[in-house]
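K.L.:
For reference, this is coords26.tsv, and it has TSV, C-alpha atoms.
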chain	number	residue	atom	x	y	z
A	1	MET	CA	101.76	1.71	0.98
A	2	GLU	CA	101.22	3.44	4.33
A	3	ILE	CA	98.22	2.69	6.57
A	4	LYS	CA	97.31	5.51	8.96
A	5	ILE	CA	94.42	7.45	10.46
A	6	VAL	CA	93.21	10.00	7.94
A	7	PRO	CA	93.82	13.58	9.11
A	8	PRO	CA	91.07	16.21	8.69
A	9	ASN	CA	92.74	17.88	5.71
A	10	ASP	CA	92.33	14.61	3.75
A	11	TYR	CA	88.63	14.05	4.55
A	12	ILE	CA	87.69	15.30	1.08
A	13	GLN	CA	89.62	12.34	-0.34
A	14	VAL	CA	87.50	9.98	1.76
A	15	HIS	CA	84.39	11.51	0.19
A	16	GLN	CA	85.86	11.14	-3.27
A	17	LEU	CA	86.76	7.48	-2.76
A	18	ARG	CA	83.33	6.65	-1.33
A	19	ASP	CA	81.55	8.43	-4.18
A	20	TYR	CA	83.63	6.58	-6.78
A	21	CYS	CA	83.33	3.08	-5.31
A	22	PHE	CA	79.73	3.03	-4.06
A	23	PRO	CA	76.50	3.58	-6.00
A	24	ASN	CA	74.58	6.84	-5.53
A	25	LYS	CA	76.88	9.76	-4.91
A	26	TYR	CA	76.06	11.40	-1.58
A	27	SER	CA	74.74	14.94	-1.52
A	28	GLY	CA	72.89	17.21	0.86
A	29	ALA	CA	71.97	15.68	4.23
A	30	ARG	CA	73.49	12.30	3.37
A	31	ARG	CA	76.83	13.87	2.56
A	32	GLU	CA	76.62	15.87	5.79
A	33	ASP	CA	75.90	12.65	7.69
A	34	PHE	CA	78.81	10.80	6.10
A	35	HIS	CA	81.16	13.67	6.95
A	36	TYR	CA	80.00	13.59	10.57
A	37	TRP	CA	80.90	9.90	10.82
A	38	ILE	CA	84.26	10.43	9.14
A	39	GLU	CA	84.99	12.83	12.01
A	40	GLN	CA	83.59	10.63	14.78
A	41	SER	CA	84.96	7.29	13.56
A	42	THR	CA	88.45	5.92	13.40
A	43	THR	CA	88.92	6.58	9.69
A	44	LEU	CA	91.78	4.52	8.28
A	45	GLY	CA	93.40	5.31	4.96
A	46	ALA	CA	95.84	3.49	2.73
A	47	TYR	CA	98.17	6.07	1.20
A	48	ASP	CA	100.11	6.03	-2.02
A	49	GLU	CA	102.32	9.01	-1.28
A	50	ASN	CA	99.74	11.72	-0.47
A	51	LYS	CA	96.75	10.04	-2.09
A	52	VAL	CA	94.11	8.04	-0.17
A	53	VAL	CA	93.64	4.94	-2.33
A	54	GLY	CA	91.93	2.66	0.21
A	55	GLN	CA	89.88	3.24	3.34
A	56	LEU	CA	87.60	1.92	6.04
A	57	LEU	CA	85.69	3.50	8.92
A	58	ILE	CA	85.37	2.04	12.43
A	59	LEU	CA	82.19	3.56	13.82
A	60	PRO	CA	82.10	3.81	17.66
A	61	LEU	CA	78.92	1.89	18.41
A	62	ASN	CA	77.64	-0.62	20.95
A	63	MET	CA	75.85	-3.96	20.92
A	64	THR	CA	73.80	-5.85	23.47
A	65	VAL	CA	74.69	-9.54	23.78
A	66	HIS	CA	72.45	-11.54	26.11
A	67	GLY	CA	71.67	-8.54	28.29
A	68	GLU	CA	75.20	-7.14	28.45
A	69	ASN	CA	76.11	-4.07	26.40
A	70	TYR	CA	79.50	-4.12	24.68
A	71	ASP	CA	81.53	-1.42	22.94
A	72	MET	CA	81.34	-2.38	19.25
A	73	GLY	CA	83.29	-1.33	16.21
A	74	GLY	CA	81.05	-0.99	13.18
A	75	ILE	CA	83.12	-1.52	10.04
A	76	GLY	CA	81.83	0.44	7.06
A	77	PHE	CA	82.68	2.12	3.76
A	78	VAL	CA	85.51	-0.31	2.96
A	79	ALA	CA	86.87	0.59	-0.48
A	80	THR	CA	89.88	0.86	-2.79
A	81	TYR	CA	90.22	2.37	-6.22
A	82	PRO	CA	90.11	-0.34	-8.92
A	83	GLU	CA	93.67	0.31	-10.11
A	84	TYR	CA	94.91	-0.47	-6.58
A	85	ARG	CA	93.02	-3.73	-6.06
A	86	GLN	CA	94.69	-7.16	-5.77
A	87	GLN	CA	97.57	-5.58	-3.83
A	88	GLY	CA	96.54	-6.62	-0.31
A	89	ILE	CA	95.40	-3.12	0.69
A	90	ILE	CA	92.14	-4.24	2.31
A	91	LYS	CA	94.01	-6.98	4.20
A	92	LYS	CA	96.34	-4.34	5.66
A	93	LEU	CA	93.40	-2.09	6.55
A	94	MET	CA	91.46	-4.93	8.22
A	95	THR	CA	94.50	-6.08	10.18
A	96	GLU	CA	95.14	-2.56	11.45
A	97	ALA	CA	91.43	-2.09	12.24
A	98	LEU	CA	91.46	-5.18	14.49
A	99	LYS	CA	94.44	-3.83	16.42
A	100	ILE	CA	92.82	-0.41	16.85
A	101	MET	CA	89.50	-1.87	17.99
A	102	ARG	CA	91.30	-3.89	20.62
A	103	GLU	CA	93.16	-0.78	21.81
A	104	ASN	CA	89.80	1.03	22.03
A	105	SER	CA	88.23	-1.85	24.03
A	106	GLN	CA	85.76	-2.52	21.20
A	107	THR	CA	85.55	-6.20	22.01
A	108	ILE	CA	83.08	-7.02	19.23
A	109	SER	CA	82.62	-5.87	15.63
A	110	VAL	CA	79.83	-5.93	13.06
A	111	LEU	CA	79.86	-5.29	9.31
A	112	ALA	CA	77.69	-5.67	6.22
A	113	PRO	CA	79.68	-7.82	3.75
A	114	PHE	CA	80.01	-7.38	0.01
A	115	SER	CA	81.39	-10.95	0.07
A	116	ILE	CA	80.73	-13.36	2.93
A	117	SER	CA	83.70	-15.57	2.10
A	118	PHE	CA	86.01	-12.55	1.99
A	119	TYR	CA	85.16	-11.41	5.52
A	120	ARG	CA	85.07	-14.96	6.89
A	121	TYR	CA	88.73	-15.06	5.98
A	122	PHE	CA	89.29	-12.20	8.46
A	123	GLY	CA	87.22	-13.87	11.19
A	124	TRP	CA	83.73	-12.40	10.79
A	125	GLU	CA	80.69	-14.70	10.57
A	126	LEU	CA	76.99	-14.50	9.72
A	127	PHE	CA	74.79	-14.09	12.79
A	128	PHE	CA	71.33	-12.87	11.78
A	129	GLU	CA	68.73	-13.87	9.22
A	130	LYS	CA	66.49	-10.99	8.18
A	131	LEU	CA	63.02	-11.73	6.87
A	132	HIS	CA	61.84	-9.16	4.33
A	133	TYR	CA	58.07	-9.34	3.89
A	134	THR	CA	55.45	-7.78	1.64
A	135	ILE	CA	51.80	-8.02	2.70
A	136	PRO	CA	49.22	-7.17	0.01
A	137	GLN	CA	46.05	-5.37	1.04
A	138	MET	CA	43.84	-8.43	0.56
A	139	VAL	CA	45.60	-10.22	3.46
A	140	PHE	CA	46.32	-7.31	5.80
A	141	PRO	CA	46.31	-8.65	9.39
A	142	SER	CA	43.08	-8.07	11.29
A	143	PHE	CA	42.88	-7.94	15.07
A	144	GLY	CA	39.40	-6.57	15.47
A	145	LYS	CA	38.16	-3.12	16.36
A	146	GLN	CA	39.44	-1.50	19.52
A	147	LEU	CA	40.12	2.02	20.71
A	148	ASP	CA	43.91	2.18	21.07
A	149	ILE	CA	45.85	5.18	22.31
A	150	VAL	CA	48.35	6.00	19.56
A	151	LYS	CA	50.33	9.23	19.21
A	152	ARG	CA	52.08	10.28	16.00
A	153	MET	CA	54.91	12.58	14.97
A	154	SER	CA	57.46	12.91	12.19
A	155	PHE	CA	60.92	14.33	11.74
A	156	GLU	CA	59.31	17.19	9.80
A	157	TRP	CA	56.71	17.87	12.52
A	158	PRO	CA	58.34	16.63	15.73
A	159	ASP	CA	56.76	16.28	19.15
A	160	HIS	CA	59.85	16.57	21.35
A	161	ALA	CA	58.31	15.01	24.46
A	162	LEU	CA	56.94	12.10	22.44
A	163	PHE	CA	60.23	11.64	20.62
A	164	GLN	CA	62.15	11.51	23.91
A	165	GLY	CA	59.72	8.87	25.13
A	166	ILE	CA	60.24	6.82	21.96
A	167	LYS	CA	64.03	7.07	22.29
A	168	ASP	CA	63.91	6.00	25.94
A	169	PHE	CA	61.60	3.08	25.11
A	170	HIS	CA	63.82	1.98	22.24
A	171	ASN	CA	66.92	1.81	24.44
A	172	ALA	CA	65.10	0.07	27.28
A	173	GLN	CA	64.03	-2.64	24.83
A	174	ALA	CA	67.50	-2.76	23.24
A	175	LEU	CA	68.99	-3.76	26.59
A	176	ILE	CA	66.83	-6.89	26.66
A	177	GLN	CA	66.81	-7.64	22.92
A	178	ASN	CA	69.87	-9.70	22.03
A	179	GLY	CA	71.84	-8.08	19.20
A	180	SER	CA	70.47	-4.55	19.51
A	181	ILE	CA	72.37	-1.28	19.78
A	182	LEU	CA	71.58	1.58	22.11
A	183	ARG	CA	70.82	4.60	19.95
A	184	ASP	CA	72.23	7.89	21.14
A	185	ASP	CA	71.18	11.28	19.76
A	186	ALA	CA	73.90	11.12	17.10
A	187	TRP	CA	72.50	7.85	15.76
A	188	TRP	CA	68.96	9.22	15.70
A	189	LYS	CA	70.29	12.26	13.85
A	190	ARG	CA	71.87	9.89	11.33
A	191	ILE	CA	68.50	8.23	10.78
A	192	GLU	CA	66.90	11.62	10.30
A	193	ARG	CA	69.51	12.68	7.74
A	194	ARG	CA	69.13	9.44	5.79
A	195	MET	CA	65.34	9.15	6.06
A	196	PRO	CA	63.92	12.63	6.75
A	197	ASP	CA	60.45	11.55	5.61
A	198	SER	CA	60.10	9.10	8.52
A	199	HIS	CA	56.92	9.07	10.58
A	200	PHE	CA	56.53	7.66	14.10
A	201	ALA	CA	53.56	6.12	15.90
A	202	ALA	CA	53.70	5.14	19.56
A	203	TYR	CA	51.16	2.92	21.30
A	204	PHE	CA	50.41	3.89	24.90
A	205	ARG	CA	49.17	1.70	27.73
A	206	SER	CA	48.63	3.12	31.22
A	207	ASP	CA	50.22	6.39	30.07
A	208	LYS	CA	53.44	4.61	29.07
A	209	ILE	CA	54.77	3.67	25.65
A	210	ALA	CA	54.41	-0.07	25.08
A	211	GLY	CA	55.45	-0.12	21.44
A	212	TYR	CA	56.35	2.10	18.51
A	213	ILE	CA	56.98	2.04	14.77
A	214	ARG	CA	58.99	4.22	12.42
A	215	TYR	CA	57.64	4.16	8.87
A	216	THR	CA	57.35	5.87	5.52
A	217	ILE	CA	54.46	5.97	3.06
A	218	GLN	CA	55.28	6.23	-0.62
A	219	ASP	CA	53.69	4.94	-3.84
A	220	GLU	CA	50.87	3.31	-1.86
A	221	THR	CA	53.34	1.31	0.22
A	222	PHE	CA	53.47	1.49	4.00
A	223	GLU	CA	57.10	0.60	4.77
A	224	LEU	CA	58.16	-0.24	8.33
A	225	HIS	CA	61.70	0.62	9.41
A	226	ASP	CA	61.35	0.08	13.17
A	227	PHE	CA	58.74	-2.10	14.86
A	228	ILE	CA	59.27	-2.64	18.59
A	229	ALA	CA	56.55	-3.90	20.91
A	230	GLU	CA	56.97	-5.13	24.45
A	231	ASP	CA	54.30	-7.83	24.16
A	232	LEU	CA	51.66	-9.33	21.87
A	233	GLN	CA	48.95	-6.90	22.98
A	234	ALA	CA	51.12	-3.94	21.95
A	235	GLU	CA	52.03	-5.61	18.67
A	236	GLN	CA	48.38	-6.16	17.77
A	237	ALA	CA	47.50	-2.58	18.65
A	238	ILE	CA	50.23	-1.34	16.33
A	239	TRP	CA	48.96	-3.60	13.52
A	240	ARG	CA	45.50	-2.06	13.98
A	241	PHE	CA	47.06	1.37	13.48
A	242	ILE	CA	48.97	0.22	10.39
A	243	THR	CA	45.97	-1.40	8.72
A	244	SER	CA	43.85	1.70	9.40
A	245	HIS	CA	45.74	3.08	6.36
A	246	ALA	CA	44.14	0.48	4.07
A	247	ALA	CA	42.21	3.12	2.15
A	248	SER	CA	45.42	4.79	1.00
A	249	VAL	CA	48.02	1.99	0.83
A	250	SER	CA	48.02	-1.25	-1.14
A	251	SER	CA	50.86	-3.08	0.59
A	252	ILE	CA	52.89	-3.23	3.79
A	253	LYS	CA	56.63	-3.89	3.69
A	254	GLY	CA	58.99	-4.53	6.55
A	255	VAL	CA	61.86	-6.49	8.02
A	256	THR	CA	61.85	-8.84	10.98
A	257	SER	CA	63.78	-11.82	12.28
A	258	ASN	CA	63.46	-15.16	10.54
A	259	ASP	CA	63.31	-16.77	14.00
A	260	HIS	CA	60.17	-14.97	15.16
A	261	HIS	CA	57.51	-17.07	13.36
A	262	PHE	CA	56.34	-13.84	11.79
A	263	GLY	CA	52.67	-13.82	10.79
A	264	PHE	CA	51.80	-17.05	12.60
A	265	HIS	CA	48.89	-15.41	14.43
A	266	PHE	CA	47.59	-13.57	11.33
A	267	GLN	CA	44.32	-14.81	9.87
A	268	GLU	CA	46.01	-15.06	6.46
A	269	PRO	CA	49.75	-15.65	6.97
A	270	GLN	CA	50.52	-16.42	3.32
A	271	PHE	CA	52.39	-13.55	1.70
A	272	LYS	CA	55.78	-12.86	0.10
A	273	ARG	CA	58.84	-13.46	2.28
A	274	GLU	CA	62.55	-13.36	1.52
A	275	VAL	CA	65.37	-14.34	3.87
A	276	VAL	CA	68.49	-12.15	3.62
A	277	GLN	CA	71.82	-12.70	5.39
A	278	ASP	CA	73.71	-9.41	5.22
A	279	VAL	CA	75.38	-8.82	8.59
A	280	MET	CA	78.43	-10.47	10.14
A	281	VAL	CA	79.93	-10.42	13.63
A	282	ARG	CA	83.39	-10.94	15.09
A	283	ILE	CA	84.74	-11.02	18.62
A	284	VAL	CA	87.86	-8.85	18.65
A	285	ASP	CA	89.13	-9.61	22.15
A	286	VAL	CA	88.04	-13.05	23.38
A	287	PHE	CA	89.31	-12.65	26.94
A	288	LEU	CA	87.65	-9.29	27.60
A	289	PHE	CA	84.46	-10.42	25.85
A	290	MET	CA	84.14	-13.53	28.01
A	291	GLN	CA	84.93	-11.58	31.18
A	292	GLN	CA	81.87	-9.41	30.50
A	293	TYR	CA	79.69	-12.28	29.22
A	294	GLN	CA	76.50	-13.26	31.04
A	295	TRP	CA	77.15	-16.98	31.53
A	296	GLY	CA	74.41	-19.44	32.30
A	297	ASP	CA	74.80	-22.54	34.44
A	298	ILE	CA	78.44	-23.67	34.75
A	299	GLN	CA	78.56	-26.80	36.88
A	300	GLU	CA	82.12	-27.80	35.98
A	301	PRO	CA	84.99	-25.68	34.58
A	302	LEU	CA	84.89	-25.23	30.80
A	303	TYR	CA	87.93	-25.26	28.53
A	304	LEU	CA	88.24	-23.42	25.24
A	305	ARG	CA	90.91	-23.07	22.56
A	306	ILE	CA	90.61	-20.29	19.98
A	307	GLU	CA	92.13	-20.24	16.50
A	308	ASP	CA	92.55	-16.71	15.16
A	309	ALA	CA	94.98	-16.02	12.32
A	310	PHE	CA	94.63	-12.21	12.53
A	311	CYS	CA	94.50	-11.61	16.30
A	312	GLU	CA	97.33	-13.48	17.95
A	313	TRP	CA	96.19	-12.15	21.34
A	314	ASN	CA	93.16	-14.45	21.07
A	315	GLU	CA	95.06	-17.67	20.38
A	316	HIS	CA	95.06	-19.20	23.86
A	317	VAL	CA	93.50	-21.95	25.89
A	318	TYR	CA	90.95	-20.47	28.31
A	319	LYS	CA	89.41	-21.83	31.47
A	320	ILE	CA	85.94	-20.63	32.47
A	321	ASN	CA	85.34	-21.37	36.14
A	322	LYS	CA	81.99	-22.13	37.78
A	323	ASN	CA	81.62	-18.49	38.88
A	324	GLY	CA	82.20	-17.27	35.29
A	325	ASN	CA	85.72	-16.06	35.98
A	326	VAL	CA	87.96	-16.48	32.91
A	327	THR	CA	91.67	-17.29	32.99
A	328	VAL	CA	94.28	-18.01	30.33
A	329	LEU	CA	96.13	-21.31	30.73
A	330	GLU	CA	99.85	-21.11	30.11
A	331	THR	CA	100.12	-24.81	29.26
A	332	ASN	CA	97.66	-27.10	27.52
A	333	SER	CA	97.20	-30.42	29.26
A	334	ILE	CA	93.47	-30.72	28.59
A	335	PRO	CA	92.41	-33.73	26.44
A	336	GLU	CA	90.96	-32.67	23.06
A	337	MET	CA	87.60	-34.33	23.71
A	338	HIS	CA	87.23	-32.24	26.88
A	339	MET	CA	88.05	-28.90	25.26
A	340	LEU	CA	85.98	-26.82	22.86
A	341	ALA	CA	88.31	-25.80	20.01
A	342	LEU	CA	86.89	-23.29	17.52
A	343	PRO	CA	88.02	-20.79	14.89
A	344	ILE	CA	87.14	-17.22	15.84
A	345	ASN	CA	84.34	-16.83	13.29
A	346	ILE	CA	82.40	-19.90	14.51
A	347	PHE	CA	83.06	-18.99	18.14
A	348	SER	CA	81.69	-15.48	17.55
A	349	ALA	CA	78.47	-16.75	15.96
A	350	MET	CA	77.99	-19.21	18.82
A	351	MET	CA	78.56	-16.71	21.62
A	352	VAL	CA	76.01	-14.21	20.28
A	353	GLY	CA	73.40	-16.99	20.08
A	354	TYR	CA	73.23	-17.65	16.34
A	355	LEU	CA	74.81	-21.13	16.39
A	356	SER	CA	74.18	-23.84	18.96
A	357	VAL	CA	77.21	-25.49	20.55
A	358	LYS	CA	76.44	-28.69	18.66
A	359	ASN	CA	76.32	-26.88	15.31
A	360	ALA	CA	79.43	-24.85	16.11
A	361	VAL	CA	81.38	-28.07	16.69
A	362	LEU	CA	79.90	-29.57	13.52
A	363	TYR	CA	80.66	-26.58	11.24
A	364	ALA	CA	84.15	-26.20	12.67
A	365	ASN	CA	84.77	-29.90	11.90
A	366	LYS	CA	85.98	-30.47	15.45
A	367	GLN	CA	85.43	-33.16	18.07
A	368	LEU	CA	83.93	-32.72	21.53
A	369	SER	CA	82.37	-35.31	23.79
A	370	VAL	CA	78.59	-35.30	24.23
A	371	GLU	CA	79.04	-34.61	27.93
A	372	HIS	CA	81.09	-31.48	27.29
A	373	ILE	CA	78.75	-30.26	24.55
A	374	THR	CA	75.95	-30.51	27.11
A	375	ARG	CA	78.01	-28.56	29.66
A	376	TRP	CA	78.61	-25.76	27.15
A	377	GLN	CA	74.94	-25.72	26.18
A	378	ARG	CA	73.96	-25.15	29.81
A	379	ALA	CA	76.49	-22.34	30.10
A	380	LEU	CA	75.38	-20.33	27.05
A	381	PRO	CA	72.15	-18.31	26.71
A	382	THR	CA	70.06	-19.45	23.76
A	383	THR	CA	68.27	-16.24	22.70
A	384	LYS	CA	68.77	-15.61	18.97
A	385	PRO	CA	70.23	-12.22	18.00
A	386	SER	CA	68.40	-9.59	15.94
A	387	PHE	CA	70.34	-6.75	14.32
A	388	TYR	CA	68.49	-4.18	12.20
A	389	GLU	CA	70.91	-1.24	12.05
A	390	TYR	CA	72.74	-0.26	8.88
A	391	PHE	CA	76.08	1.51	8.44
As structure tokens, how would this structure be written, given the file I've shared?
P.N.:
Amino acid sequence: MEIKIVPPNDYIQVHQLRDYCFPNKYSGARREDFHYWIEQSTTLGAYDENKVVGQLLILPLNMTVHGENYDMGGIGFVATYPEYRQQGIIKKLMTEALKIMRENSQTISVLAPFSISFYRYFGWELFFEKLHYTIPQMVFPSFGKQLDIVKRMSFEWPDHALFQGIKDFHNAQALIQNGSILRDDAWWKRIERRMPDSHFAAYFRSDKIAGYIRYTIQDETFELHDFIAEDLQAEQAIWRFITSHAASVSSIKGVTSNDHHFGFHFQEPQFKREVVQDVMVRIVDVFLFMQQYQWGDIQEPLYLRIEDAFCEWNEHVYKINKNGNVTVLETNSIPEMHMLALPINIFSAMMVGYLSVKNAVLYANKQLSVEHITRWQRALPTTKPSFYEYF
């Protein structure tokens, strides 16, 4: 079995494998979108002679972690034909993908797992809890009557100046929202291909966008796909716009973070909610990641040992100095109780803000003195990540 980058003359085989292994065969704009990302991604194939029997795509994306934007490899469309399963093909593809991401300076990676335990084995870990909500008309949020400045458009009837403003606002907020990606024109085009019936509404304050939503309306349901507001005033103005559709919609659906106390300030906050964990993160190159990391307060040097069965380049003892400079120690003379020792999956979830230091030590079944836990807690930002993209 040979693992290699799929050449253009075999792209049709990538389509065939995706269509066989995933529900809903792609056609039209979706097929066009998938082909675009085959071309733009690092598309790995497992070959049995000249036949692609396994595959994965590494999408060239980015991710903001505590105010710093990282090159990110988005793993997607992982598949093998059923007659080739249980032969270690995916293991070979994942191992090669990690090497390629490191070579491409993609220091972090995100994927949507079909099996959490399967991808934990390769070093990925859960890092975001989505809250899916459904609000029936009888408890629509009410924030009074007020004349808000809201401008609308859709992919079908675009307002190019408004759309540019929305894109700029989205990326400005993504830089300060832990876990977000900066959307370029190619990513917006992907959204358009996948959801061409999307509408947009932007709330303006002092002639500037202060919040926007992307939504669809179908079968009396107002479904939110993006909801970004820079403060509570903007959020409430957007809710007034949404609920102005009450005469034609019977429910509002959307997704938010389980950490945001969603609905707390609604008059009637009791409605259907479901928590879903469907994204995982992995740091690919620990040294480069920590060099770029926005450290907090480091009063004394910190020591870290990483366990990583699939990326031997990560398995070192690291010293993080008071100025945030990171070095690799050639010898390990640091007492265990003074050094944070973590497997790569737990370390990744901790560094992006999902796990506290105390919980990371607990879940890794390791030991660390209370003093050194406190030092690490001071050094790490505590903002929880939110990741809403899909690939």
K.L.:
Could you give me, as a ChimeraX atom specification, the residues that sit within 12 Å of (84.5, 8.7, -6.3) in the file's coordinates, counting only C-alpha atoms?
P.N.:
/A:12-26,52-54,79-82
K.L.:
How far is it from CA of Met1 in chain A to CA of Lys51 in chain A, in Å with one decimal?
P.N.:
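Between CA of Met1 in chain A and CA of Lys51 in chain A the gap works out to 10.2 Å.
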K.L.:
Give one line per residue of range 51-154 of chain A that approaches range 330-344 of chain A to at most 10 Å, naming the two atoms of the closest pair and their distance in Å to one decimal, counting all atoms listed in the file; sort by chain then ascending residue number and deliver it as CSV.
P.N.:
residue,atom,partner,partner_atom,distance
A:Arg120,CA,A:Ile344,CA,9.5
A:Phe122,CA,A:Ile344,CA,9.2
A:Gly123,CA,A:Ile344,CA,5.7
A:Trp124,CA,A:Ile344,CA,7.8
A:Glu125,CA,A:Ile344,CA,8.7
K.L.:
Using all atoms listed in the file, I'd like a table of the residues in range 165-239 of chain A that come within 12 Å of range 136-154 of chain A; for each, show the closest atom pair and its distance in Å rounded to one decimal, ordered by chain and ascending number, as a tab-separated table.
P.N.:
residue	atom	partner	partner_atom	distance
A:Gly165	CA	A:Lys151	CA	11.1
A:Ile166	CA	A:Met153	CA	10.5
A:Glu192	CA	A:Ser154	CA	9.7
A:Met195	CA	A:Ser154	CA	10.7
A:Pro196	CA	A:Ser154	CA	8.5
A:Asp197	CA	A:Ser154	CA	7.4
A:Ser198	CA	A:Ser154	CA	5.9
A:His199	CA	A:Ser154	CA	4.2
A:Phe200	CA	A:Met153	CA	5.3
A:Ala201	CA	A:Arg152	CA	4.4
A:Ala202	CA	A:Lys151	CA	5.3
A:Tyr203	CA	A:Val150	CA	4.5
A:Phe204	CA	A:Ile149	CA	5.4
A:Arg205	CA	A:Ile149	CA	7.2
A:Ser206	CA	A:Ile149	CA	9.6
A:Asp207	CA	A:Ile149	CA	9.0
A:Lys208	CA	A:Ile149	CA	10.2
A:Ile209	CA	A:Val150	CA	9.2
A:Ala210	CA	A:Val150	CA	10.2
A:Gly211	CA	A:Val150	CA	9.6
A:Tyr212	CA	A:Val150	CA	9.0
A:Ile213	CA	A:Arg152	CA	9.7
A:Arg214	CA	A:Ser154	CA	8.8
A:Tyr215	CA	A:Ser154	CA	9.4
A:Thr216	CA	A:Ser154	CA	9.7
A:Ile217	CA	A:Ser154	CA	11.9
A:Glu220	CA	A:Gln137	CA	10.3
A:Thr221	CA	A:Pro136	CA	9.4
A:Phe222	CA	A:Pro136	CA	10.4
A:Leu232	CA	A:Phe143	CA	11.2
A:Gln233	CA	A:Phe143	CA	10.0
A:Ala234	CA	A:Asp148	CA	9.5
A:Glu235	CA	A:Phe143	CA	10.1
A:Gln236	CA	A:Phe143	CA	6.4
A:Ala237	CA	A:Asp148	CA	6.4
A:Ile238	CA	A:Val150	CA	8.2
A:Trp239	CA	A:Pro141	CA	7.0
K.L.:
Expressed in Å to a single decimal, how great is the separation between CA of Gly74 in chain A and CA of Met290 in chain A?
P.N.:
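A separation of 19.7 Å between them.
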K.L.:
Separation of CA of Leu131 in chain A and CA of Val357 in chain A, in Å?
P.N.:
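One can read the CA of Leu131 in chain A to CA of Val357 in chain A distance as 24.0 Å.
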K.L.:
Show me, as a ChimeraX atom specification, the residues that have an atom within 8 Å of Asp297 in chain A when counting all atoms listed in the file, minus same-chain residues fewer than 4 positions from it.
P.N.:
/A:322,378-380
